[in-house]
>>> print(open('upload-v9.cif').read())   # mmCIF, C-alpha atoms
data_structure
#
loop_
_atom_site.label_atom_id
_atom_site.label_comp_id
_atom_site.auth_asym_id
_atom_site.auth_seq_id
_atom_site.Cartn_x
_atom_site.Cartn_y
_atom_site.Cartn_z
CA MET A 1 17.79 14.56 20.39
CA ARG A 2 15.98 17.07 18.14
CA SER A 3 18.78 19.68 18.02
CA LYS A 4 19.96 18.47 14.60
CA PRO A 5 16.67 19.38 12.78
CA ILE A 6 16.76 22.85 14.34
CA SER A 7 20.31 23.35 13.13
CA LEU A 8 19.29 22.20 9.65
CA ILE A 9 16.48 24.75 9.61
CA LEU A 10 18.90 27.56 10.40
CA VAL A 11 21.41 26.32 7.81
CA PHE A 12 18.74 26.09 5.07
CA SER A 13 17.52 29.56 5.91
CA PHE A 14 21.02 31.00 5.70
CA LEU A 15 21.84 29.28 2.41
CA PHE A 16 18.64 30.42 0.71
CA SER A 17 19.08 34.01 1.84
CA VAL A 18 22.74 34.15 0.79
CA LEU A 19 22.80 32.02 -2.36
CA ARG A 20 19.40 32.96 -3.87
CA PRO A 21 18.57 36.60 -3.00
CA ASP A 22 16.82 36.85 -6.40
CA LEU A 23 14.06 34.60 -5.05
CA LEU A 24 13.14 36.95 -2.24
CA LEU A 25 11.32 39.38 -4.53
CA ALA A 26 8.02 38.35 -6.09
CA GLN A 27 7.79 38.66 -9.84
CA GLY A 28 6.63 42.10 -11.01
CA GLU A 29 7.26 43.85 -7.64
CA THR A 30 9.44 46.96 -7.39
CA GLU A 31 11.62 48.00 -4.51
CA GLY A 32 9.92 51.39 -4.35
CA ALA A 33 6.45 49.95 -3.65
CA LYS A 34 4.74 50.93 -0.42
CA LYS A 35 5.38 48.41 2.31
CA ILE A 36 2.47 46.84 4.20
CA PHE A 37 2.49 47.04 8.00
CA LEU A 38 2.27 43.42 9.10
CA ALA A 39 2.31 41.28 12.25
CA VAL A 40 3.27 37.59 12.17
CA LEU A 41 1.96 35.30 14.89
CA ALA A 42 3.87 32.25 16.03
CA LEU A 43 2.82 29.14 14.14
CA GLU A 44 0.64 26.63 15.95
CA CYS A 45 2.34 23.23 16.08
CA LYS A 46 0.81 20.03 17.42
CA LYS A 47 3.33 17.62 19.00
CA ASP A 48 5.41 17.29 15.86
CA PRO A 49 7.30 19.58 15.24
CA THR A 50 8.34 20.17 18.84
CA PRO A 51 7.78 23.61 20.44
CA GLU A 52 11.47 24.45 19.93
CA GLU A 53 11.37 23.48 16.24
CA CYS A 54 8.09 25.31 15.80
CA SER A 55 9.58 28.49 17.25
CA VAL A 56 12.50 28.35 14.80
CA LEU A 57 10.14 27.79 11.84
CA SER A 58 7.95 30.72 12.97
CA GLU A 59 10.96 33.02 13.04
CA SER A 60 12.02 31.70 9.64
CA LEU A 61 8.60 32.62 8.20
CA ARG A 62 8.90 36.09 9.71
CA GLU A 63 12.39 36.47 8.28
CA GLN A 64 11.41 35.34 4.77
CA LEU A 65 8.41 37.69 4.68
CA LEU A 66 10.66 40.55 5.72
CA LYS A 67 13.22 39.72 3.03
CA THR A 68 10.61 40.03 0.28
CA ASP A 69 10.81 43.79 1.02
CA ARG A 70 7.03 44.02 0.79
CA PHE A 71 6.29 44.34 4.49
CA ARG A 72 7.11 46.26 7.63
CA ILE A 73 6.85 43.66 10.36
CA VAL A 74 6.18 44.33 14.03
CA ASP A 75 8.95 42.98 16.23
CA ARG A 76 7.73 40.16 18.45
CA LYS A 77 9.21 41.88 21.51
CA ASN A 78 7.12 44.97 20.81
CA MET A 79 3.94 42.86 20.57
CA GLU A 80 4.23 41.28 23.99
CA PRO A 81 3.69 44.39 26.23
CA ILE A 82 0.52 45.35 24.35
CA LEU A 83 -0.91 41.86 24.51
CA LYS A 84 0.05 41.46 28.15
CA GLU A 85 -1.78 44.65 28.98
CA GLN A 86 -4.91 43.22 27.31
CA SER A 87 -4.45 39.82 29.06
CA ILE A 88 -4.26 38.04 25.71
CA GLN A 89 -2.09 34.95 25.11
CA ILE A 90 -0.82 34.62 21.53
CA SER A 91 -0.78 30.83 21.85
CA ASP A 92 -4.53 30.84 22.58
CA CYS A 93 -5.37 33.01 19.58
CA THR A 94 -5.98 30.61 16.71
CA SER A 95 -9.32 31.79 15.28
CA GLU A 96 -9.63 34.40 12.54
CA GLU A 97 -11.78 36.60 14.80
CA CYS A 98 -9.12 36.64 17.52
CA VAL A 99 -6.37 37.36 14.98
CA VAL A 100 -8.29 40.38 13.64
CA LYS A 101 -8.77 41.67 17.20
CA LEU A 102 -5.02 41.34 17.85
CA GLY A 103 -4.23 43.15 14.62
CA ARG A 104 -6.40 46.10 15.63
CA LEU A 105 -4.73 46.27 19.04
CA LEU A 106 -1.33 46.25 17.36
CA GLY A 107 -2.39 48.87 14.80
CA VAL A 108 -1.24 46.81 11.78
CA GLU A 109 -2.84 46.50 8.34
CA LYS A 110 -2.58 42.75 7.99
CA MET A 111 -1.89 39.63 10.05
CA VAL A 112 -0.21 36.33 9.16
CA PHE A 113 -0.94 33.17 11.15
CA GLY A 114 -1.03 29.43 10.54
CA SER A 115 -0.15 25.95 11.70
CA ILE A 116 2.14 22.98 11.09
CA GLY A 117 1.01 19.44 11.76
CA ARG A 118 1.94 15.85 11.04
CA LEU A 119 -0.40 13.74 8.89
CA GLY A 120 0.95 10.25 8.30
CA ASP A 121 4.31 10.66 6.56
CA ASN A 122 3.62 14.28 5.67
CA TYR A 123 4.15 17.59 7.37
CA VAL A 124 1.31 19.96 6.45
CA ILE A 125 1.85 23.71 6.58
CA ALA A 126 -1.14 26.08 6.24
CA ILE A 127 -0.73 29.91 6.34
CA GLN A 128 -3.33 32.70 6.07
CA LEU A 129 -3.03 36.44 5.35
CA VAL A 130 -5.91 38.41 6.93
CA ASN A 131 -6.93 42.02 6.26
CA VAL A 132 -7.40 43.60 9.69
CA GLU A 133 -9.69 46.37 8.46
CA THR A 134 -12.16 44.12 6.61
CA GLY A 135 -11.62 40.94 8.63
CA GLU A 136 -11.36 38.94 5.41
CA THR A 137 -8.75 36.33 4.47
CA GLU A 138 -6.90 37.68 1.44
CA LYS A 139 -4.60 34.77 0.78
CA MET A 140 -4.13 31.18 1.84
CA ALA A 141 -1.10 29.02 1.10
CA SER A 142 -0.32 25.46 2.06
CA ARG A 143 2.39 22.89 1.47
CA ARG A 144 3.10 19.26 2.22
CA SER A 145 6.54 17.87 2.88
CA LYS A 146 7.63 14.26 3.28
CA GLY A 147 11.20 15.08 4.31
CA PRO A 148 12.56 15.53 7.85
CA VAL A 149 11.52 18.56 9.86
CA GLY A 150 14.79 20.26 8.98
CA GLU A 151 13.69 20.50 5.34
CA LEU A 152 10.49 22.42 6.15
CA ILE A 153 12.37 25.64 5.48
CA THR A 154 11.86 25.12 1.73
CA PRO A 155 8.03 25.16 1.85
CA ILE A 156 8.22 28.05 4.36
CA ILE A 157 10.14 30.11 1.77
CA GLU A 158 7.71 29.13 -0.98
CA ILE A 159 4.73 30.22 1.14
CA ALA A 160 6.41 33.54 2.02
CA LEU A 161 7.02 34.28 -1.67
CA GLU A 162 3.46 33.27 -2.57
CA ILE A 163 1.95 35.56 0.06
CA ALA A 164 4.22 38.43 -0.92
CA GLY A 165 3.83 38.08 -4.70
CA GLY A 166 0.22 37.10 -5.03
CA ARG A 167 0.95 34.01 -7.15
CA ARG A 168 1.69 30.35 -6.56
CA PHE A 169 5.39 29.62 -6.24
CA GLU A 170 6.70 26.91 -8.57
CA PRO A 171 9.75 25.41 -6.91
CA THR A 172 11.08 23.49 -9.92
CA ALA A 173 11.33 26.60 -12.08
CA GLN A 174 12.21 29.07 -9.32
CA LEU A 175 14.88 27.09 -7.51
CA ALA A 176 16.87 25.97 -10.55
CA ARG A 177 20.35 27.39 -10.43
CA PRO A 178 21.62 29.51 -13.34
CA GLY A 179 23.63 27.70 -15.95
CA LYS A 180 23.72 24.03 -16.75
CA VAL A 181 21.87 21.79 -14.31
CA GLU A 182 23.25 18.34 -13.68
CA THR A 183 20.51 15.77 -14.09
CA GLY A 184 19.76 12.08 -14.14
CA SER A 185 16.64 10.01 -14.77
CA LEU A 186 14.27 7.70 -12.96
CA GLU A 187 12.48 4.55 -14.11
CA VAL A 188 9.61 3.18 -11.99
CA LYS A 189 7.87 -0.19 -12.41
CA THR A 190 5.15 -1.60 -10.18
CA ASN A 191 3.20 -4.81 -9.78
CA PRO A 192 0.38 -4.34 -10.59
CA PRO A 193 1.16 -1.72 -13.26
CA GLY A 194 -0.91 1.40 -13.76
CA SER A 195 -0.04 2.90 -10.37
CA SER A 196 0.17 6.68 -9.97
CA ILE A 197 3.71 7.99 -9.52
CA TYR A 198 4.59 11.24 -7.73
CA LEU A 199 8.08 12.73 -7.56
CA ASP A 200 8.58 15.49 -4.99
CA ALA A 201 4.76 15.72 -4.65
CA SER A 202 4.29 16.28 -8.42
CA SER A 203 2.63 13.72 -10.70
CA VAL A 204 4.98 12.20 -13.29
CA GLY A 205 2.59 9.61 -14.78
CA VAL A 206 1.57 6.00 -14.19
CA SER A 207 3.78 2.94 -13.98
CA PRO A 208 5.77 1.81 -15.83
CA VAL A 209 7.20 5.29 -16.35
CA LYS A 210 10.54 6.90 -17.21
CA VAL A 211 11.23 10.40 -15.93
CA PRO A 212 14.19 12.22 -17.55
CA GLY A 213 15.90 15.47 -16.57
CA ILE A 214 15.68 15.16 -12.79
CA PRO A 215 18.14 17.38 -10.88
CA VAL A 216 20.91 15.48 -9.14
CA GLY A 217 20.28 14.87 -5.42
CA ASN A 218 17.74 13.44 -3.02
CA HIS A 219 14.08 13.27 -4.03
CA SER A 220 10.89 11.83 -2.55
CA LEU A 221 8.94 9.19 -4.48
CA THR A 222 5.31 8.27 -3.79
CA ILE A 223 3.39 5.39 -5.40
CA THR A 224 -0.39 5.13 -5.02
CA ARG A 225 -3.13 2.88 -6.36
CA ASP A 226 -6.72 2.46 -5.20
CA GLY A 227 -7.02 -0.57 -2.94
CA TYR A 228 -3.28 -0.80 -2.23
CA SER A 229 -1.05 0.56 0.53
CA ILE A 230 0.82 3.77 -0.32
CA ILE A 231 4.58 3.50 -0.81
CA SER A 232 6.73 6.50 0.08
CA LYS A 233 10.50 6.38 -0.17
CA GLY A 234 13.51 8.48 -1.01
CA VAL A 235 15.50 8.13 -4.24
CA ILE A 236 18.94 9.46 -5.09
CA ILE A 237 19.45 10.82 -8.59
CA GLU A 238 23.03 10.76 -9.89
CA LYS A 239 24.46 12.65 -12.85
CA ASP A 240 23.73 11.02 -16.21
CA LYS A 241 22.47 7.84 -14.51
CA ALA A 242 19.08 6.17 -14.40
CA ALA A 243 17.77 5.26 -10.98
CA ARG A 244 15.45 2.24 -11.08
CA VAL A 245 12.61 1.44 -8.69
CA ASP A 246 10.64 -1.81 -8.88
CA GLU A 247 7.91 -2.18 -6.25
CA ILE A 248 5.27 -4.82 -5.46
CA LEU A 249 2.19 -3.13 -4.07
CA ILE A 250 0.39 -4.72 -1.13
CA GLU A 251 -3.39 -4.90 -1.24
CA GLN A 252 -5.27 -3.11 1.50
CA THR A 253 -7.53 -5.61 3.24
CA GLY A 254 -10.24 -5.86 5.86
CA ASN A 255 -12.24 -8.63 7.53
CA LEU A 256 -15.76 -10.08 7.33
CA LYS A 257 -17.95 -11.69 10.00
CA VAL A 258 -21.04 -13.64 8.86
CA THR A 259 -23.89 -14.98 11.01
CA SER A 260 -27.23 -16.52 9.98
CA THR A 261 -30.64 -16.62 11.69
CA PRO A 262 -32.69 -18.58 12.56
CA VAL A 263 -30.56 -21.46 11.30
CA GLN A 264 -26.86 -22.25 11.36
CA PRO A 265 -24.56 -23.62 10.11
CA ALA A 266 -25.30 -22.27 6.64
CA ARG A 267 -22.98 -22.28 3.62
CA VAL A 268 -21.23 -18.98 2.76
CA LEU A 269 -19.93 -17.88 -0.66
CA VAL A 270 -18.12 -14.56 -1.19
CA ASP A 271 -17.76 -13.47 -4.82
CA GLU A 272 -18.83 -17.05 -5.71
CA GLN A 273 -15.94 -18.55 -3.75
CA GLU A 274 -16.66 -21.03 -0.95
CA LYS A 275 -15.61 -19.58 2.42
CA GLY A 276 -17.11 -21.97 4.99
CA GLU A 277 -20.19 -22.13 7.22
CA THR A 278 -21.79 -19.71 9.65
CA PRO A 279 -20.81 -18.44 12.15
CA LEU A 280 -17.81 -17.45 10.02
CA ASP A 281 -14.85 -15.04 10.19
CA VAL A 282 -13.11 -14.25 6.89
CA GLN A 283 -9.72 -12.51 7.12
CA GLY A 284 -7.80 -10.55 4.48
CA LEU A 285 -10.55 -9.57 2.04
CA LYS A 286 -9.62 -6.89 -0.47
CA ILE A 287 -11.19 -3.54 0.38
CA GLY A 288 -14.13 -2.44 -1.73
CA ASP A 289 -17.43 -3.96 -2.89
CA HIS A 290 -18.17 -7.69 -2.65
CA LYS A 291 -21.13 -10.04 -3.11
CA ILE A 292 -22.27 -12.65 -0.61
CA ARG A 293 -24.57 -15.68 -0.77
CA VAL A 294 -25.71 -17.74 2.23
CA THR A 295 -27.49 -21.04 1.48
CA HIS A 296 -29.22 -23.86 3.39
CA SER A 297 -31.18 -26.80 2.01
CA ASP A 298 -34.33 -25.92 4.02
CA TYR A 299 -34.17 -22.11 3.56
CA GLU A 300 -34.37 -19.61 0.75
CA GLU A 301 -30.99 -18.24 -0.38
CA PHE A 302 -29.80 -14.99 1.21
CA ALA A 303 -27.90 -12.74 -1.24
CA GLY A 304 -26.57 -9.19 -0.98
CA ASP A 305 -23.71 -6.73 -1.39
CA PHE A 306 -21.32 -5.48 1.28
CA GLN A 307 -18.21 -3.30 1.58
CA VAL A 308 -14.87 -4.08 3.17
CA PHE A 309 -12.89 -1.23 4.69
CA TYR A 310 -9.18 -1.08 5.39
CA GLN A 311 -8.24 -2.84 8.66
CA GLN A 312 -11.91 -2.99 9.73
CA THR A 313 -14.42 -5.83 10.22
CA THR A 314 -17.72 -5.77 8.30
CA ASN A 315 -20.61 -7.65 9.96
CA VAL A 316 -23.22 -9.38 7.80
CA GLU A 317 -26.29 -11.02 9.41
CA ALA A 318 -28.10 -13.29 6.96
CA LYS A 319 -31.79 -13.45 7.91
CA MET A 320 -32.93 -16.72 6.36
CA VAL A 321 -36.52 -17.40 5.26
CA GLY A 322 -37.69 -21.02 5.46
CA LYS A 323 -38.87 -22.85 2.35
CA PRO A 324 -42.56 -23.92 2.39
CA GLY A 325 -43.54 -27.28 3.88
CA LYS A 326 -45.70 -29.68 1.83
CA ILE A 327 -49.00 -31.08 3.18
CA LEU A 328 -51.03 -33.87 1.56
CA ILE A 329 -54.66 -33.74 2.81
CA THR A 330 -57.02 -36.71 2.31
CA SER A 331 -60.53 -37.43 3.59
CA THR A 332 -63.03 -40.30 3.82
CA PRO A 333 -65.25 -39.74 1.95
CA PRO A 334 -63.23 -37.58 -0.54
CA GLY A 335 -64.35 -34.28 -2.05
CA ALA A 336 -64.35 -32.32 1.22
CA GLY A 337 -63.53 -28.61 1.15
CA VAL A 338 -60.13 -27.66 2.62
CA TYR A 339 -59.68 -24.37 4.48
CA LEU A 340 -56.16 -23.20 5.46
CA ASP A 341 -56.25 -20.48 8.13
CA GLY A 342 -59.81 -19.68 7.05
CA ARG A 343 -59.15 -19.58 3.29
CA ASN A 344 -60.61 -22.07 0.85
CA LYS A 345 -57.85 -23.99 -0.92
CA GLY A 346 -59.81 -26.65 -2.82
CA GLU A 347 -61.12 -30.17 -2.18
CA THR A 348 -59.57 -33.38 -0.98
CA THR A 349 -57.45 -35.10 -2.05
CA LEU A 350 -55.25 -31.93 -2.02
CA SER A 351 -51.50 -31.15 -1.91
CA LEU A 352 -50.50 -27.73 -0.52
CA GLU A 353 -47.27 -25.74 -0.04
CA VAL A 354 -47.54 -23.99 3.31
CA PRO A 355 -45.19 -21.37 4.83
CA PRO A 356 -43.36 -22.49 7.98
CA GLY A 357 -45.16 -21.79 11.25
CA ASP A 358 -48.45 -22.54 13.00
CA HIS A 359 -51.57 -23.16 10.89
CA LYS A 360 -55.17 -24.43 11.26
CA ILE A 361 -56.68 -26.77 8.68
CA ARG A 362 -60.50 -27.27 8.59
CA ILE A 363 -62.42 -29.84 6.53
CA LYS A 364 -66.05 -29.26 5.46
CA LYS A 365 -68.48 -31.49 3.54
CA GLU A 366 -72.23 -31.23 3.29
CA GLY A 367 -73.96 -33.89 5.39
CA PHE A 368 -70.88 -34.45 7.55
CA GLU A 369 -69.53 -32.87 10.69
CA ASP A 370 -66.69 -30.30 10.28
CA GLN A 371 -63.27 -31.33 11.45
CA SER A 372 -60.10 -29.28 12.12
CA LYS A 373 -56.50 -29.83 13.11
CA ASP A 374 -53.70 -27.48 14.29
CA ILE A 375 -50.29 -28.09 12.74
CA THR A 376 -46.80 -26.55 13.06
CA VAL A 377 -45.01 -26.62 9.70
CA SER A 378 -41.22 -26.84 9.65
CA PRO A 379 -39.24 -25.47 6.67
CA ASN A 380 -39.19 -27.79 3.65
CA LYS A 381 -40.80 -30.74 5.52
CA PRO A 382 -43.64 -33.05 4.22
CA TYR A 383 -46.84 -33.85 6.17
CA ASN A 384 -49.85 -36.21 5.60
CA LEU A 385 -53.23 -35.37 7.13
CA ASP A 386 -56.12 -37.88 6.83
CA PHE A 387 -59.66 -36.99 7.97
CA VAL A 388 -62.45 -39.59 8.54
CA LEU A 389 -65.71 -37.64 8.35
CA THR A 390 -68.79 -38.44 10.49
CA SER A 391 -72.26 -38.33 8.85
CA ILE A 392 -74.65 -35.90 10.56
CA ALA A 393 -77.64 -38.41 10.08
CA ALA A 394 -75.70 -41.21 11.69
CA ALA A 395 -74.85 -39.02 14.62
CA ALA A 396 -78.57 -38.08 15.25
CA LYS A 397 -80.22 -41.71 15.07
CA PRO A 398 -80.96 -43.19 18.57
CA ILE A 399 -79.46 -46.53 19.51
CA PRO A 400 -82.21 -49.27 19.98
CA LYS A 401 -82.50 -51.10 23.36
CA LYS A 402 -82.09 -54.85 23.50
CA LYS A 403 -85.17 -57.03 24.42
CA GLU A 404 -84.74 -59.25 27.48
CA SER A 405 -85.65 -62.95 27.22
CA VAL A 406 -87.82 -64.80 29.83
CA GLY A 407 -84.90 -66.86 30.87
CA SER A 408 -82.72 -64.00 31.54
CA ASP A 409 -80.71 -63.78 34.67
CA ARG A 410 -82.95 -61.30 36.52
CA ALA A 411 -83.42 -61.54 40.35
CA TRP A 412 -86.19 -64.01 41.49
CA TYR A 413 -88.32 -61.30 43.06
CA LYS A 414 -88.39 -59.47 39.71
CA LYS A 415 -89.88 -62.47 37.90
CA ALA A 416 -93.67 -62.42 37.12
CA TRP A 417 -94.49 -66.06 37.95
CA VAL A 418 -93.20 -65.57 41.52
CA TRP A 419 -95.74 -62.85 42.20
CA VAL A 420 -98.51 -64.82 40.47
CA LEU A 421 -97.86 -67.73 42.83
CA VAL A 422 -97.76 -65.44 45.83
CA ALA A 423 -101.04 -63.88 44.83
CA GLY A 424 -102.65 -67.34 44.47
CA VAL A 425 -101.50 -68.51 47.92
CA VAL A 426 -102.68 -65.34 49.59
CA GLY A 427 -106.04 -65.47 47.79
CA GLY A 428 -106.56 -69.16 48.66
CA GLY A 429 -105.80 -68.60 52.30
CA ALA A 430 -108.23 -65.74 52.52
CA TYR A 431 -111.00 -67.81 50.91
CA ALA A 432 -110.46 -70.78 53.29
CA THR A 433 -110.67 -68.55 56.34
CA TYR A 434 -113.88 -67.00 55.08
CA ALA A 435 -115.49 -70.42 54.45
CA LEU A 436 -114.70 -71.80 57.91
CA THR A 437 -116.06 -68.76 59.64
CA SER A 438 -119.33 -68.99 57.75
CA ARG A 439 -119.89 -72.76 58.61
CA GLU A 440 -119.30 -72.25 62.30
CA LYS A 441 -122.01 -69.71 62.33
CA ASN A 442 -124.46 -72.07 60.61
CA GLU A 443 -123.72 -75.40 62.36
CA GLY A 444 -121.98 -74.44 65.46
CA LYS A 445 -119.05 -76.67 64.66
CA VAL A 446 -116.39 -76.98 62.20
CA SER A 447 -115.33 -79.99 60.25
CA TYR A 448 -112.33 -80.25 58.15
CA GLN A 449 -112.28 -82.10 54.94
CA TRP A 450 -109.39 -82.15 52.50
#
>>> encode(input="upload-v9.cif", output="structure tokens")
Amino acid sequence: MRSKPISLILVFSFLFSVLRPDLLLAQGETEGAKKIFLAVLALECKKDPTPEECSVLSESLREQLLKTDRFRIVDRKNMEPILKEQSIQISDCTSEECVVKLGRLLGVEKMVFGSIGRLGDNYVIAIQLVNVETGETEKMASRRSKGPVGELITPIIEIALEIAGGRRFEPTAQLARPGKVETGSLEVKTNPPGSSIYLDASSVGVSPVKVPGIPVGNHSLTITRDGYSIISKGVIIEKDKAARVDEILIEQTGNLKVTSTPVQPARVLVDEQEKGETPLDVQGLKIGDHKIRVTHSDYEEFAGDFQVFYQQTTNVEAKMVGKPGKILITSTPPGAGVYLDGRNKGETTLSLEVPPGDHKIRIKKEGFEDQSKDITVSPNKPYNLDFVLTSIAAAAKPIPKKKESVGSDRAWYKKAWVWVLVAGVVGGGAYATYALTSREKNEGKVSYQW
């Protein structure tokens, strides 16, 4: 039920108008001054206050402006027929341009409009006074209130007086009753100390602090400190007594998520405190600036700064760079030139630090053939490369053929003595045939003698 706050608004309005009529005139104004023709639009409220409460507060603002005796105010009932004829809804008219247009239709000199909204524990009231002829905003007034909606009547009255009198209304001085004021005091301590203390939205110092001379009754207390949650509470001040408040502030915290590439797990330190290994989630870090280090035995250290925000997670990706690998290069014979990825690095025997990754190593020495090898170097790992060089002269000399001995195991038909024998037999046979033929011709007969 929200009927109680509405009733409180009406009660506050009545009490202020009856008990403190002296506050309804701005300082320095006379009753005989010319009154300004004014129209007051209904305040724009968003969810809280409710439409019913907002309507009551709008009428209260209209009433308080009227009681300052500085304005002639158009009755809301008289506004509606004109606006209806122009097909204009007051609730839709929230811009300064629209307000000026309405003012000209209504034939007034000035317009008052504004809004009430809820921001955390505060109600925020913002009111503007616009000159219809020039279209300019002449005055702006705003207030914040931590109390219930029923207590918004007080800032409404203050704004009305500020708009009417052309000066900022100071509630402490203006609302003090004549005669002796009953007061008490307040003492505030906090852990940690040094927190900012506000009483009824006014600064009263830093903790620990003692505040004397506070009017008896209910007051709002606010404690703030960077990096800590805000504390807002009510305090009751009693006559000639000291109210004491002792509060422990809670740090505002956020979270951190750490990953590392291309290697994990890697060791994580936040503000030089060990937190674990990647991938890592760190909860409850104090908001603000921090330092991080991510280390691994085979990689260069990653270091940087990061920020933690309240109730949010900050992501840090540590991009790790591998430490160089070590290569020992030897050759037989020694004194060969070493070329790493095409660059001369010296002569063997040679020790090199080489960045991780793929590389080509070439060996050159006069009188010997060049040699090369491809190698993939891992971070912080040792390698040994040994080259045996080949002499160019040795490579060009032909290899001599072996002589075959007479008694070698060649086939019989490939042996010389076989063919000599064959030639002798064939020759002998031919000669014998020739001799026989010749004798037969000479003697007519043939005789054989062996």
>>> resolve_selection(input="upload-v9.cif", expression="the PyMOL selection byres ((chain A and resi 255) around 7)", output="short mmCIF file (atom, residue, chain, number, x, y, z; two decimals) with C-alpha atoms, keeping the file's coordinate frame")
data_model
loop_
_atom_site.label_atom_id
_atom_site.label_comp_id
_atom_site.auth_asym_id
_atom_site.auth_seq_id
_atom_site.Cartn_x
_atom_site.Cartn_y
_atom_site.Cartn_z
CA GLY A 254 -10.24 -5.86 5.86
CA LEU A 256 -15.76 -10.08 7.33
CA LYS A 257 -17.95 -11.69 10.00
CA VAL A 282 -13.11 -14.25 6.89
CA GLN A 283 -9.72 -12.51 7.12
CA GLY A 284 -7.80 -10.55 4.48
CA LEU A 285 -10.55 -9.57 2.04
CA VAL A 308 -14.87 -4.08 3.17
CA GLN A 312 -11.91 -2.99 9.73
CA THR A 313 -14.42 -5.83 10.22
CA THR A 314 -17.72 -5.77 8.30
#
>>> atom_distance(input="upload-v9.cif", atom1="atom CA of Val321 of chain A", atom2="atom CA of Leu350 of chain A")
24.8 Å
>>> closest_residue(input="upload-v9.cif", among="A:Ala126, A:Lys46, A:Phe71, A:Phe37", to="Lys110 of chain A", atoms="only C-alpha atoms")
A:Phe37
>>> resolve_selection(input="upload-v9.cif", expression="the PyMOL selection byres ((chain A and resi 243-252) around 6)", output="number ranges by chain")
A: 186-191, 227-229, 242, 253, 310
>>> write_last_selection(input="upload-v9.cif", atoms="C-alpha atoms", output="mmCIF file, in the frame of the given file")
data_model
loop_
_atom_site.group_PDB
_atom_site.id
_atom_site.type_symbol
_atom_site.label_atom_id
_atom_site.label_comp_id
_atom_site.auth_asym_id
_atom_site.auth_seq_id
_atom_site.Cartn_x
_atom_site.Cartn_y
_atom_site.Cartn_z
ATOM 1 C CA LEU A 186 14.270 7.700 -12.960
ATOM 2 C CA GLU A 187 12.480 4.550 -14.110
ATOM 3 C CA VAL A 188 9.610 3.180 -11.990
ATOM 4 C CA LYS A 189 7.870 -0.190 -12.410
ATOM 5 C CA THR A 190 5.150 -1.600 -10.180
ATOM 6 C CA ASN A 191 3.200 -4.810 -9.780
ATOM 7 C CA GLY A 227 -7.020 -0.570 -2.940
ATOM 8 C CA TYR A 228 -3.280 -0.800 -2.230
ATOM 9 C CA SER A 229 -1.050 0.560 0.530
ATOM 10 C CA ALA A 242 19.080 6.170 -14.400
ATOM 11 C CA THR A 253 -7.530 -5.610 3.240
ATOM 12 C CA TYR A 310 -9.180 -1.080 5.390
#
>>> resolve_selection(input="upload-v9.cif", expression="the PyMOL selection byres ((chain A and resi 36) around 7)", output="list in words")
Lys34, Lys35, Phe37, Leu38, Arg70, Phe71, Arg72 and Glu109 of chain A
>>> residues_around(input="upload-v9.cif", residues="Pro155 of chain A", least_positions_apart="6", cutoff="8 Å", atoms="only C-alpha atoms", output="VMD selection string")
chain A and resid 125 143 to 145
>>> atom_distance(input="upload-v9.cif", atom1="atom CA of Lys101 of chain A", atom2="atom CA of Arg62 of chain A")
20.0 Å
>>> atom_distance(input="upload-v9.cif", atom1="atom CA of Glu53 of chain A", atom2="atom CA of Glu96 of chain A")
24.0 Å
>>> residues_around(input="upload-v9.cif", residues="Glu366 of chain A", least_positions_apart="4", cutoff="12 Å", atoms="all atoms listed in the file", output="list in words")
Pro333, Pro334, Gly335, Ala336, Gly337, Asp370, Leu389, Thr390, Ser391, Ile392 and Ala393 of chain A
>>> residues_around(input="upload-v9.cif", residues="Ile116 of chain A", least_positions_apart="4", cutoff="10 Å", atoms="only C-alpha atoms", output="list in words")
Leu43, Glu44, Cys45, Lys46, Lys47, Asp48, Pro49, Cys54, Leu57, Ser58, Tyr123, Val124, Ile125, Ala126, Ile127, Ser142, Arg143, Arg144 and Leu152 of chain A
>>> write_last_selection(input="upload-v9.cif", atoms="C-alpha atoms", output="compact mmCIF listing (two decimals), keeping the file's coordinate frame")
# COMPACT_ATOMS: atom_id res chain seq x y z
CA LEU A 43 2.82 29.14 14.14
CA GLU A 44 0.64 26.63 15.95
CA CYS A 45 2.34 23.23 16.08
CA LYS A 46 0.81 20.03 17.42
CA LYS A 47 3.33 17.62 19.00
CA ASP A 48 5.41 17.29 15.86
CA PRO A 49 7.30 19.58 15.24
CA CYS A 54 8.09 25.31 15.80
CA LEU A 57 10.14 27.79 11.84
CA SER A 58 7.95 30.72 12.97
CA TYR A 123 4.15 17.59 7.37
CA VAL A 124 1.31 19.96 6.45
CA ILE A 125 1.85 23.71 6.58
CA ALA A 126 -1.14 26.08 6.24
CA ILE A 127 -0.73 29.91 6.34
CA SER A 142 -0.32 25.46 2.06
CA ARG A 143 2.39 22.89 1.47
CA ARG A 144 3.10 19.26 2.22
CA LEU A 152 10.49 22.42 6.15
>>> residues_around(input="upload-v9.cif", residues="Leu340 of chain A", least_positions_apart="2", cutoff="12 Å", atoms="all atoms listed in the file", output="JSON, numbers by chain")
{"A": [327, 329, 337, 338, 342, 343, 344, 345, 346, 347, 350, 351, 352, 353, 354, 355, 358, 359, 360, 361, 362, 363, 364, 372, 373, 374, 375]}
>>> closest_residue(input="upload-v9.cif", among="A:Val209, A:Asp200, A:Asp240, A:Phe306", to="Gly184 of chain A", atoms="all atoms listed in the file")
A:Asp240
>>> residues_around(input="upload-v9.cif", residues="Glu133 of chain A", least_positions_apart="4", cutoff="12 Å", atoms="only C-alpha atoms", output="list in words")
Glu97, Val99, Val100, Lys101, Leu102, Gly103, Arg104, Leu105, Gly107, Val108, Glu109, Lys110, Met111, Thr137 and Glu138 of chain A
